[in-house]
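Raw input_29.txt, compact mmCIF, C-alpha atoms:
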```
# COMPACT_ATOMS: atom_id res chain seq x y z
CA MET R 1 -13.18 -29.03 9.13
CA GLY R 2 -9.58 -30.12 9.47
CA ALA R 3 -9.12 -28.06 12.61
CA SER R 4 -12.18 -29.52 14.31
CA ARG R 5 -11.20 -33.06 13.38
CA THR R 6 -7.67 -32.50 14.66
CA ARG R 7 -9.16 -31.14 17.84
CA MET R 8 -11.34 -34.23 18.22
CA VAL R 9 -8.35 -36.56 17.90
CA GLY R 10 -6.34 -34.26 20.13
CA PHE R 11 -8.71 -34.20 23.05
CA LEU R 12 -9.29 -37.92 22.84
CA ALA R 13 -5.54 -38.48 22.89
CA GLU R 14 -4.91 -36.12 25.79
CA PRO R 15 -6.01 -38.42 28.66
CA VAL R 16 -3.84 -41.21 27.26
CA PHE R 17 -0.91 -38.82 27.25
CA MET R 18 -1.45 -37.81 30.82
CA ILE R 19 -1.90 -41.32 32.14
CA VAL R 20 1.17 -42.55 30.26
CA PHE R 21 3.35 -39.82 31.70
CA PHE R 22 1.89 -40.15 35.19
CA THR R 23 2.57 -43.87 35.14
CA VAL R 24 6.11 -43.45 33.87
CA SER R 25 6.97 -40.86 36.46
CA PHE R 26 5.29 -42.76 39.28
CA LEU R 27 7.12 -45.93 38.36
CA ALA R 28 10.52 -44.33 38.16
CA GLY R 29 9.84 -41.75 40.86
CA SER R 30 10.99 -38.99 38.57
CA THR R 31 10.23 -37.16 35.34
CA ILE R 32 13.86 -36.79 34.32
CA PRO R 33 14.55 -39.08 31.34
CA TYR R 34 17.95 -40.19 32.65
CA ILE R 35 16.50 -41.46 35.92
CA VAL R 36 13.59 -43.14 34.14
CA GLN R 37 16.02 -44.87 31.80
CA LYS R 38 18.06 -46.07 34.75
CA TYR R 39 14.91 -47.47 36.33
CA TRP R 40 13.95 -49.62 33.32
CA ILE R 41 17.29 -51.42 33.18
CA THR R 42 18.24 -51.77 36.86
CA PRO R 43 17.53 -54.66 37.21
CA PHE R 44 16.94 -55.56 33.60
CA SER R 45 13.82 -57.56 34.55
CA ASN R 46 12.06 -54.21 35.09
CA PHE R 47 12.03 -53.98 31.32
CA PHE R 48 9.60 -56.91 31.11
CA GLU R 49 7.19 -55.67 33.75
CA PRO R 50 3.58 -55.86 32.57
CA SER R 51 3.10 -52.16 33.22
CA HIS R 52 6.07 -51.30 31.02
CA VAL R 53 4.85 -53.46 28.14
CA LEU R 54 1.33 -52.04 28.37
CA LEU R 55 2.77 -48.53 28.49
CA VAL R 56 4.78 -49.13 25.33
CA LEU R 57 1.67 -50.38 23.57
CA ALA R 58 -0.44 -47.42 24.69
CA PHE R 59 2.24 -44.95 23.69
CA LEU R 60 2.59 -46.57 20.26
CA MET R 61 -1.15 -46.27 19.67
CA LEU R 62 -0.91 -42.66 20.78
CA ILE R 63 1.89 -41.94 18.31
CA LEU R 64 -0.16 -43.49 15.51
CA ALA R 65 -3.08 -41.26 16.40
CA GLU R 66 -1.20 -38.03 17.04
CA GLY R 67 1.16 -38.40 14.12
CA GLY R 68 -1.71 -38.98 11.72
CA ARG R 69 -0.60 -42.49 10.79
CA ILE R 70 -2.72 -45.07 9.08
CA PRO R 71 -5.21 -46.68 11.42
CA VAL R 72 -6.34 -43.18 12.38
CA ASP R 73 -5.51 -40.94 9.45
CA ASN R 74 -4.06 -41.51 6.02
CA PRO R 75 -1.24 -38.98 5.54
CA SER R 76 -1.24 -39.40 1.75
CA GLY R 77 -4.99 -39.67 1.31
CA HIS R 78 -6.99 -37.12 -0.65
CA PHE R 79 -10.42 -38.43 0.20
CA GLU R 80 -12.19 -35.50 1.72
CA LEU R 81 -14.58 -37.40 3.95
CA ALA R 82 -11.81 -39.16 5.80
CA MET R 83 -8.83 -36.88 5.90
CA ILE R 84 -7.77 -35.19 9.10
CA ASP R 85 -4.28 -33.80 8.85
CA GLU R 86 -4.36 -33.29 5.08
CA SER R 87 -7.50 -31.19 5.21
CA LYS R 88 -5.52 -28.45 6.87
CA THR R 89 -3.79 -27.87 3.54
CA LEU R 90 -7.22 -27.07 2.12
CA GLU R 91 -7.86 -24.48 4.78
CA TYR R 92 -4.48 -22.81 4.95
CA SER R 93 -2.14 -21.58 2.27
CA GLY R 94 1.28 -19.99 1.98
CA ARG R 95 3.19 -19.49 5.22
CA GLY R 96 0.27 -20.65 7.35
CA ALA R 97 0.18 -24.00 5.59
CA ALA R 98 3.95 -24.33 5.89
CA LEU R 99 3.79 -23.65 9.62
CA MET R 100 0.97 -26.17 10.02
CA LYS R 101 2.95 -28.85 8.18
CA TRP R 102 6.07 -28.03 10.13
CA GLY R 103 4.19 -28.15 13.41
CA GLY R 104 2.72 -31.54 12.54
CA TYR R 105 6.12 -33.01 11.68
CA MET R 106 7.73 -31.55 14.79
CA ARG R 107 5.01 -32.99 16.99
CA PHE R 108 5.56 -36.39 15.42
CA PHE R 109 9.33 -36.10 15.88
CA VAL R 110 9.10 -34.99 19.51
CA LEU R 111 6.68 -37.82 20.33
CA ILE R 112 8.94 -40.38 18.67
CA CYS R 113 11.96 -39.02 20.57
CA ILE R 114 10.17 -39.25 23.91
CA PHE R 115 8.91 -42.72 23.06
CA LEU R 116 12.37 -43.98 22.15
CA ASN R 117 14.52 -42.23 24.70
CA VAL R 118 12.28 -42.54 27.73
CA VAL R 119 10.31 -45.71 27.24
CA VAL R 120 11.56 -48.13 24.62
CA ALA R 121 15.30 -47.90 24.16
CA PRO R 122 16.92 -46.49 27.28
CA TRP R 123 20.40 -46.48 25.81
CA GLY R 124 22.45 -44.05 23.84
CA LEU R 125 21.78 -40.68 25.40
CA ALA R 126 24.85 -38.65 26.21
CA SER R 127 25.93 -39.42 29.75
CA GLY R 128 28.30 -36.50 30.24
CA MET R 129 28.99 -32.96 29.21
CA ALA R 130 31.87 -33.80 26.85
CA LEU R 131 31.45 -32.65 23.28
CA TRP R 132 32.09 -36.05 21.71
CA GLU R 133 29.43 -37.71 23.87
CA VAL R 134 26.83 -35.22 22.74
CA LEU R 135 27.91 -35.61 19.12
CA ALA R 136 27.76 -39.40 19.39
CA ALA R 137 24.24 -39.24 20.76
CA VAL R 138 22.89 -37.59 17.61
CA PRO R 139 23.50 -40.46 15.17
CA LEU R 140 22.34 -42.94 17.83
CA VAL R 141 19.01 -41.15 18.08
CA LEU R 142 18.79 -41.16 14.29
CA VAL R 143 19.43 -44.91 14.21
CA LYS R 144 16.72 -45.48 16.80
CA VAL R 145 14.28 -43.26 14.93
CA SER R 146 14.88 -45.06 11.65
CA ALA R 147 14.34 -48.42 13.35
CA LEU R 148 11.03 -47.17 14.75
CA VAL R 149 10.04 -45.78 11.37
CA LEU R 150 10.53 -49.25 9.90
CA VAL R 151 8.17 -50.64 12.55
CA LEU R 152 5.65 -47.92 11.70
CA VAL R 153 5.94 -48.82 8.01
CA GLY R 154 5.09 -52.40 8.93
CA ILE R 155 2.05 -51.28 10.93
CA GLU R 156 0.87 -48.87 8.27
CA SER R 157 1.10 -51.29 5.42
CA SER R 158 -0.68 -54.07 7.27
CA LEU R 159 -3.69 -52.14 8.59
CA ALA R 160 -6.65 -50.43 6.99
CA LYS R 161 -7.74 -46.96 7.90
CA LEU R 162 -10.47 -46.73 10.49
CA ARG R 163 -13.66 -44.86 9.83
CA LEU R 164 -13.75 -41.41 11.39
CA PHE R 165 -16.11 -42.34 14.20
CA ARG R 166 -14.10 -45.43 15.04
CA ILE R 167 -11.19 -43.26 16.08
CA SER R 168 -12.78 -42.75 19.46
CA GLU R 169 -12.75 -46.52 19.91
CA PHE R 170 -9.10 -46.76 18.91
CA LEU R 171 -8.11 -44.04 21.36
CA GLY R 172 -10.44 -45.52 23.97
CA ALA R 173 -8.53 -48.77 23.63
CA ALA R 174 -5.25 -46.85 24.03
CA PHE R 175 -6.66 -45.19 27.15
CA ILE R 176 -7.72 -48.52 28.61
CA THR R 177 -4.29 -49.97 27.90
CA SER R 178 -2.55 -47.13 29.69
CA VAL R 179 -4.91 -47.33 32.66
CA ALA R 180 -4.37 -51.09 32.79
CA ALA R 181 -0.64 -50.35 32.97
CA MET R 182 -1.29 -48.09 35.92
CA ILE R 183 -3.60 -50.55 37.64
CA THR R 184 -1.22 -53.49 37.36
CA GLN R 185 1.42 -51.35 39.00
CA PHE R 186 -0.40 -49.50 41.75
CA LEU R 187 -3.06 -51.89 42.89
CA ARG R 188 -0.51 -54.64 43.32
CA VAL R 189 -1.28 -56.15 46.65
CA MET U 1 20.64 -70.60 46.71
CA ARG U 2 21.39 -67.24 45.09
CA GLU U 3 20.86 -68.71 41.63
CA GLY U 4 17.54 -70.27 42.67
CA ASP U 5 16.29 -66.89 43.88
CA LEU U 6 17.31 -65.32 40.60
CA ILE U 7 15.45 -67.95 38.60
CA ILE U 8 12.32 -67.56 40.72
CA SER U 9 12.35 -63.77 40.37
CA LEU U 10 12.83 -64.11 36.62
CA LEU U 11 9.96 -66.61 36.38
CA SER U 12 7.66 -64.37 38.36
CA GLN U 13 8.57 -61.41 36.15
CA TRP U 14 7.63 -63.40 33.08
CA ASN U 15 4.47 -64.49 34.84
CA ASP U 16 3.67 -60.81 35.47
CA LEU U 17 4.13 -60.14 31.78
CA ALA U 18 1.88 -63.05 30.79
CA ALA U 19 -0.72 -61.81 33.28
CA GLY U 20 -0.62 -58.30 31.85
CA LEU U 21 -1.14 -59.58 28.32
CA PHE U 22 -3.86 -61.94 29.58
CA LEU U 23 -5.73 -58.95 30.98
CA LEU U 24 -5.18 -57.05 27.73
CA CYS U 25 -6.75 -59.93 25.77
CA ALA U 26 -9.76 -59.84 28.11
CA PHE U 27 -10.13 -56.13 27.36
CA GLY U 28 -9.74 -56.83 23.68
CA MET U 29 -12.62 -59.29 23.79
CA VAL U 30 -14.82 -56.54 25.19
CA ALA U 31 -13.66 -54.10 22.52
CA MET U 32 -13.74 -56.28 19.41
CA ARG U 33 -16.64 -56.13 16.99
CA GLN U 34 -15.99 -59.20 14.88
CA THR U 35 -16.83 -62.70 16.05
CA LEU U 36 -13.69 -64.10 14.46
CA ALA U 37 -11.50 -61.52 16.21
CA CYS U 38 -13.15 -62.51 19.51
CA LEU U 39 -12.31 -66.14 18.86
CA TRP U 40 -8.70 -65.28 18.04
CA LEU U 41 -8.37 -63.18 21.17
CA PHE U 42 -9.74 -66.06 23.21
CA ILE U 43 -7.10 -68.34 21.69
CA VAL U 44 -4.32 -65.85 22.46
CA GLN U 45 -5.64 -65.45 26.00
CA SER U 46 -5.55 -69.21 26.45
CA VAL U 47 -1.94 -69.21 25.24
CA PHE U 48 -1.01 -66.73 27.97
CA PHE U 49 -2.92 -68.82 30.51
CA GLY U 50 -0.94 -71.89 29.47
CA ILE U 51 2.34 -69.97 29.67
CA SER U 52 1.45 -68.80 33.15
CA ALA U 53 0.66 -72.36 34.21
CA PHE U 54 4.04 -73.53 32.88
CA LEU U 55 5.89 -70.70 34.63
CA ILE U 56 4.20 -71.30 37.98
CA GLY U 57 4.72 -75.02 37.69
CA ALA U 58 8.37 -74.76 36.65
CA LYS U 59 9.94 -74.04 40.04
CA PRO U 60 9.21 -75.69 42.41
CA PHE U 61 8.36 -78.27 39.81
CA ALA U 62 4.70 -79.28 39.85
CA TRP U 63 3.47 -81.93 37.47
CA ASP U 64 -0.18 -81.05 37.80
CA LEU U 65 0.36 -77.46 36.67
CA ILE U 66 2.41 -78.57 33.67
CA THR U 67 -0.38 -81.01 32.80
CA VAL U 68 -2.93 -78.23 33.15
CA GLY U 69 -0.88 -76.16 30.71
CA ILE U 70 -0.62 -78.99 28.19
CA LEU U 71 -4.34 -79.81 28.48
CA ASN U 72 -5.14 -76.15 28.05
CA PHE U 73 -3.06 -75.92 24.89
CA LEU U 74 -4.67 -79.05 23.48
CA THR U 75 -8.27 -78.10 24.13
CA LYS U 76 -8.37 -74.34 23.78
CA LEU U 77 -5.87 -73.92 20.97
CA PHE U 78 -7.07 -76.72 18.74
CA LEU U 79 -10.19 -78.58 19.83
CA ILE U 80 -12.55 -75.78 20.88
CA PRO U 81 -11.80 -73.42 17.96
CA TRP U 82 -12.00 -76.33 15.53
CA MET U 83 -15.30 -77.46 17.03
CA LEU U 84 -16.76 -73.97 16.97
CA ARG U 85 -15.70 -73.46 13.38
CA ARG U 86 -17.21 -76.81 12.40
CA THR U 87 -20.52 -76.56 14.22
CA VAL U 88 -21.44 -72.94 13.57
CA ARG U 89 -21.90 -71.79 10.00
CA ALA U 90 -19.17 -69.72 8.40
CA GLU U 91 -21.46 -66.76 7.79
CA VAL U 92 -21.62 -66.06 11.51
CA TYR U 93 -17.86 -65.52 11.48
CA ALA U 94 -17.93 -63.57 8.25
CA ARG U 95 -20.27 -60.97 9.69
CA ARG U 96 -18.34 -57.90 10.63
CA GLU U 97 -20.39 -56.25 13.32
CA ILE U 98 -21.64 -57.70 16.56
CA VAL U 99 -24.75 -56.17 18.03
CA GLN U 100 -24.12 -54.91 21.51
CA ALA U 101 -26.46 -53.51 24.13
CA LEU U 102 -23.94 -50.76 24.95
CA ASN U 103 -21.48 -49.05 22.65
CA ILE U 104 -17.84 -49.89 22.81
CA PRO U 105 -16.29 -46.86 24.56
CA THR U 106 -18.87 -47.19 27.35
CA SER U 107 -18.17 -50.92 27.55
CA LEU U 108 -14.46 -50.25 27.87
CA LEU U 109 -15.01 -47.81 30.72
CA ILE U 110 -17.25 -50.31 32.52
CA ALA U 111 -14.62 -52.98 31.93
CA LEU U 112 -12.07 -50.70 33.54
CA GLY U 113 -14.33 -50.24 36.55
CA LEU U 114 -14.74 -54.01 36.83
CA THR U 115 -10.97 -54.44 36.80
CA VAL U 116 -10.49 -51.95 39.62
CA LEU U 117 -13.28 -53.72 41.52
CA ALA U 118 -11.51 -57.05 41.01
CA TYR U 119 -8.32 -55.62 42.52
CA PHE U 120 -10.16 -54.34 45.57
CA VAL U 121 -12.03 -57.61 46.03
CA ALA U 122 -8.84 -59.60 45.63
CA ALA U 123 -6.97 -57.75 48.40
CA PRO U 124 -8.81 -59.31 51.38
CA MET U 125 -8.92 -62.68 49.60
CA LEU U 126 -5.15 -62.60 49.24
CA THR U 127 -4.60 -62.06 52.93
CA ALA U 128 -7.00 -64.95 53.56
CA VAL U 129 -5.17 -67.42 51.34
CA GLY U 130 -1.73 -66.19 52.41
CA GLY U 131 -0.69 -65.10 48.96
CA THR U 132 2.60 -65.81 47.30
CA ARG U 133 4.11 -63.56 44.66
CA TYR U 134 2.29 -65.48 41.95
CA ALA U 135 -1.05 -65.24 43.73
CA ALA U 136 -0.67 -61.48 44.15
CA VAL U 137 -0.58 -61.15 40.37
CA ASN U 138 -2.80 -63.98 39.21
CA LEU U 139 -5.69 -63.67 41.64
CA PRO U 140 -6.76 -60.09 40.83
CA ILE U 141 -6.14 -60.48 37.10
CA GLY U 142 -7.99 -63.80 36.98
CA LEU U 143 -10.89 -62.24 38.86
CA ALA U 144 -10.88 -59.29 36.46
CA ALA U 145 -10.92 -61.64 33.47
CA LEU U 146 -13.80 -63.53 35.08
CA LEU U 147 -15.79 -60.33 35.53
CA LEU U 148 -15.00 -59.18 32.00
CA GLY U 149 -16.23 -62.56 30.73
CA VAL U 150 -19.49 -62.08 32.64
CA TYR U 151 -19.74 -58.62 31.17
CA THR U 152 -19.22 -59.88 27.62
CA LEU U 153 -21.84 -62.52 28.27
CA THR U 154 -24.30 -59.87 29.41
CA VAL U 155 -23.75 -57.27 26.74
CA ARG U 156 -23.22 -59.26 23.56
CA ARG U 157 -26.35 -60.28 21.72
CA GLU U 158 -24.91 -63.01 19.53
CA ALA U 159 -24.70 -66.66 20.48
CA VAL U 160 -21.08 -67.33 19.55
CA PRO U 161 -19.51 -64.31 21.28
CA GLN U 162 -21.61 -65.15 24.33
CA LEU U 163 -20.14 -68.62 24.31
CA ILE U 164 -16.65 -67.17 23.96
CA GLY U 165 -17.41 -64.93 26.95
CA LEU U 166 -18.38 -68.01 28.95
CA LEU U 167 -15.15 -69.76 28.02
CA ALA U 168 -13.19 -66.60 28.89
CA MET U 169 -14.83 -66.66 32.33
CA GLU U 170 -13.56 -70.19 32.77
CA ASN U 171 -10.09 -69.03 31.68
CA GLY U 172 -10.15 -66.26 34.27
CA ALA U 173 -11.27 -68.56 37.07
CA PHE U 174 -8.49 -71.00 36.27
CA PHE U 175 -5.94 -68.24 35.94
CA ALA U 176 -6.68 -67.28 39.52
CA GLY U 177 -6.96 -70.91 40.59
CA ILE U 178 -3.55 -72.12 39.46
CA ALA U 179 -1.83 -69.56 41.68
CA ILE U 180 -3.82 -69.85 44.91
CA VAL U 181 -4.37 -73.60 45.06
CA PRO U 182 -0.99 -75.26 44.71
CA GLY U 183 -2.14 -78.88 44.63
CA LEU U 184 -5.49 -78.75 42.87
CA SER U 185 -6.20 -82.34 42.04
CA LEU U 186 -5.65 -83.31 38.46
CA ILE U 187 -9.07 -84.94 38.33
CA ALA U 188 -10.74 -81.56 38.79
CA GLU U 189 -8.63 -80.08 36.02
CA LEU U 190 -9.44 -82.94 33.68
CA ALA U 191 -13.12 -82.67 34.50
CA ILE U 192 -13.16 -78.96 33.79
CA ALA U 193 -11.20 -79.38 30.57
CA PHE U 194 -13.69 -81.89 29.20
CA ASP U 195 -16.57 -79.88 30.61
CA ALA U 196 -15.50 -76.81 28.65
CA LEU U 197 -15.11 -78.94 25.56
CA MET U 198 -18.58 -80.41 25.90
CA LEU U 199 -19.96 -76.95 26.64
CA ALA U 200 -18.46 -75.57 23.46
CA PHE U 201 -19.78 -78.52 21.48
CA VAL U 202 -23.33 -78.36 22.86
CA MET U 203 -23.54 -74.60 22.51
CA GLY U 204 -22.15 -74.77 19.00
CA VAL U 205 -24.71 -77.36 17.93
CA LEU U 206 -27.45 -75.36 19.63
CA ALA U 207 -26.39 -72.19 17.83
CA ARG U 208 -26.40 -74.07 14.54
CA ALA U 209 -29.89 -75.45 15.19
CA ILE U 210 -31.17 -72.00 16.14
CA GLN U 211 -29.67 -70.55 13.02
CA GLU U 212 -31.30 -73.19 10.86
CA HIS U 213 -34.72 -72.58 12.43
CA VAL U 214 -34.70 -68.85 12.95
CA GLY U 215 -32.12 -67.76 10.40
CA THR U 216 -30.01 -65.85 12.91
CA THR U 217 -27.87 -66.49 15.94
CA GLU U 218 -28.66 -63.15 17.43
CA ALA U 219 -29.75 -64.09 20.92
CA GLY U 220 -30.97 -60.58 21.67
CA ALA U 221 -33.64 -60.93 18.98
CA LEU U 222 -34.95 -64.15 20.49
CA ALA U 223 -36.28 -62.55 23.65
CA ALA U 224 -39.82 -62.39 22.33
CA LEU U 225 -41.68 -65.55 21.39
CA LYS U 226 -43.20 -64.27 18.19
CA GLU U 227 -41.81 -62.07 15.53
CA HIS U 228 -43.80 -58.95 15.06
```

Mind turning this structure into structure tokens?
Amino acid sequence: MGASRTRMVGFLAEPVFMIVFFTVSFLAGSTIPYIVQKYWITPFSNFFEPSHVLLVLAFLMLILAEGGRIPVDNPSGHFELAMIDESKTLEYSGRGAALMKWGGYMRFFVLICIFLNVVVAPWGLASGMALWEVLAAVPLVLVKVSALVLVLVGIESSLAKLRLFRISEFLGAAFITSVAAMITQFLRV
Amino acid sequence: MREGDLIISLLSQWNDLAAGLFLLCAFGMVAMRQTLACLWLFIVQSVFFGISAFLIGAKPFAWDLITVGILNFLTKLFLIPWMLRRTVRAEVYARREIVQALNIPTSLLIALGLTVLAYFVAAPMLTAVGGTRYAAVNLPIGLAALLLGVYTLTVRREAVPQLIGLLAMENGAFFAGIAIVPGLSLIAELAIAFDALMLAFVMGVLARAIQEHVGTTEAGALAALKEH
């Protein structure tokens, strides 16, 4: 049950993923985060482009869906009809359950890192090979992540969970947002 | 000279942003189920329209565009929502689900197709009007909002969301208009502003009367003369 629900959310989220990354790499002409970061802030007005803002919105909706956050899934809920990520703990036990949990958290963390470092806050990555630069980048990423987590707390505590069959609408809206980002950029006359 | 260029590029960037959010609101109106959420999205869309009018009218300074923005804020932020809330009963807004002829994911995909269509239609029009930077953004997005309004009008089966779709069409047409016609006479703007107001009023009263007689504002159910 949990696996099939996760799969449903997963395959609905996949096109959003692809369009978001296509748009980012088309805009910046590269898939390397450093170049993409450079593109957003040179000139700084690039940061306020409609496509960038729509991208941020689509990516945020994607993180909410993939990370099992509240409008899509309640991470602390124990209501069997509605749970998605939690139901995996009913199906797995022992090391399998631990790996599942770990995988879920890692996915969330990786998504948040991409979101922050590539799209939202293009500052604070190490710019050289020196040891101190790399060491300084770690707490900066942590600061950014905790700021984003505060935003997520705000979103989670102000929204109600969607019904299971509304999730396709939520992700459909995310898809439309990401495609609108692409359209406003590429069909510009 | 250099500073003027900088200001104009900054203004057009902000106008791009307002246009993007305007389009997003139009999509939201297609996707929303609640009547009240539709009304709120219409208000937000009108705010972005007003902002765009202010930005386009700011440099070179154009009084008529600023006036359009102010008129827009007055009517669509306060008068039309107030009128709609007064004329139509509260239970229409309290209802959570709107009946639609098509389901929402399909509607969103069609809306996407309409937007792409608007961009392709706008390309030859832009070369015809000799588009500026503003027109290149506002014309396709205004056209898309117009088409999405038509689509909402077609698919929704409730009176009030249909009316909101009609007003959104008007928003879209004006969004395109402010960028391609620099000196649209103020009289036309005034006429349209009052026209939309009267439209909202008449439709609101009509919806109220229908609700009192039939007990519903669901326009889709009124297609047949007799109830079976």

- Pick out the closest residue to Ser157 in chain R from this set: R:Trp40, R:Pro71, R:Gly29, R:Phe108. Count all atoms listed in the file.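 For Ser157 in chain R, the nearest of the candidates is R:Pro71.
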
Excluding Phe194 in chain U and residues on its chain fewer than 5 positions from it, collect all residues at most 10 Å away from it, counting all atoms listed in the file, and give them as a PDB file with C-alpha atoms, in the frame of the given file.
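As written to disk, out10.pdb reads:
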```
ATOM      1  CA  LEU U  71      -4.340 -79.810  28.480  1.00  0.00           C
ATOM      2  CA  THR U  75      -8.270 -78.100  24.130  1.00  0.00           C
ATOM      3  CA  GLU U 189      -8.630 -80.080  36.020  1.00  0.00           C
ATOM      4  CA  LEU U 199     -19.960 -76.950  26.640  1.00  0.00           C
ATOM      5  CA  ALA U 200     -18.460 -75.570  23.460  1.00  0.00           C
TER       6      ALA U 200
END
```

- Task: Just give me the residues with any atom within 10 Å of (-6.3, -43.7, 25.2), file coordinates, counting all atoms listed in the file, written as a PyMOL selection string.
- Result: chain R and resi 12-20+58-59+61-62+65+168-179

With C-alpha atoms retained, could you export that selection as a compact mmCIF listing (two decimals), keeping the file's coordinate frame?
```
# COMPACT_ATOMS: atom_id res chain seq x y z
CA LEU R 12 -9.29 -37.92 22.84
CA ALA R 13 -5.54 -38.48 22.89
CA GLU R 14 -4.91 -36.12 25.79
CA PRO R 15 -6.01 -38.42 28.66
CA VAL R 16 -3.84 -41.21 27.26
CA PHE R 17 -0.91 -38.82 27.25
CA MET R 18 -1.45 -37.81 30.82
CA ILE R 19 -1.90 -41.32 32.14
CA VAL R 20 1.17 -42.55 30.26
CA ALA R 58 -0.44 -47.42 24.69
CA PHE R 59 2.24 -44.95 23.69
CA MET R 61 -1.15 -46.27 19.67
CA LEU R 62 -0.91 -42.66 20.78
CA ALA R 65 -3.08 -41.26 16.40
CA SER R 168 -12.78 -42.75 19.46
CA GLU R 169 -12.75 -46.52 19.91
CA PHE R 170 -9.10 -46.76 18.91
CA LEU R 171 -8.11 -44.04 21.36
CA GLY R 172 -10.44 -45.52 23.97
CA ALA R 173 -8.53 -48.77 23.63
CA ALA R 174 -5.25 -46.85 24.03
CA PHE R 175 -6.66 -45.19 27.15
CA ILE R 176 -7.72 -48.52 28.61
CA THR R 177 -4.29 -49.97 27.90
CA SER R 178 -2.55 -47.13 29.69
CA VAL R 179 -4.91 -47.33 32.66
```

- Neighbour list for Ile51 in chain U as a PyMOL selection string, cut-off 12 Å, only C-alpha atoms, skip fewer than 5 positions in-chain: chain U and resi 11-12+14-19+21-22+44-46+56-58+65-73+175+178

- Identify the residues within 12 Å of coordinate (-29.7, -63.8, 15.9) (same frame as the file), considering all atoms listed in the file, and give the answer as number ranges by chain. U: 91-92, 95, 98-100, 156-162, 207-223

- Counting all atoms listed in the file, which residues from chain U have an atom at most 8 Å from any atom of chain R, and could you show them as a count of residues only? 23

- If you count only C-alpha atoms, the residue of U:Pro140, U:Gly4, U:Gly28, U:Pro60 closest to Gly165 in chain U turns out to be U:Gly28

- Item | Gap from CA of Ile187 in chain U to CA of Gly172 in chain U - Å, one decimal | 19.1 Å

- Pick from R:Leu125, R:Val72, R:Leu150, R:Ile63: nearest to Leu111 in chain R, with only C-alpha atoms counted? R:Ile63

- Task: Find the distance between CA of Ala26 in chain U and CA of Leu41 in chain U and write it in Å to one decimal.
- Result: 7.8 Å

- Task: Have a look at CA of Leu146 in chain U and CA of Ala173 in chain U and let me know their distance in Å, one decimal.
- Result: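 It comes out at 6.0 Å.
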
- Contact residues around Gly2 in chain R with all atoms listed in the file at 6 Å, ignoring same-chain residues under 3 positions, as an MDAnalysis selection string: chainID R and resid 5 84 87:88

- Could you tell me which of U:Ile180, U:Ala111, U:Leu23, U:Ile164 comes closest to Phe48 in chain U if we count only C-alpha atoms?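 Among the listed residues, U:Leu23 lies closest to Phe48 in chain U.
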
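Proximity ranking of R:Ser93, R:Ser158, R:Thr42, R:Gln37 relative to Phe115 in chain R places R:Gln37 first, based on all atoms listed in the file.
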
- Task: With a distance cut-off of 9 Å and all atoms listed in the file, select the neighbouring residues of Phe201 in chain U, excluding the residue or stretch itself and same-chain residues fewer than 6 positions from it, and output the selection as a list of chain:residue names.
- Result: U:Ile80, U:Met83, U:Leu84, U:Thr87
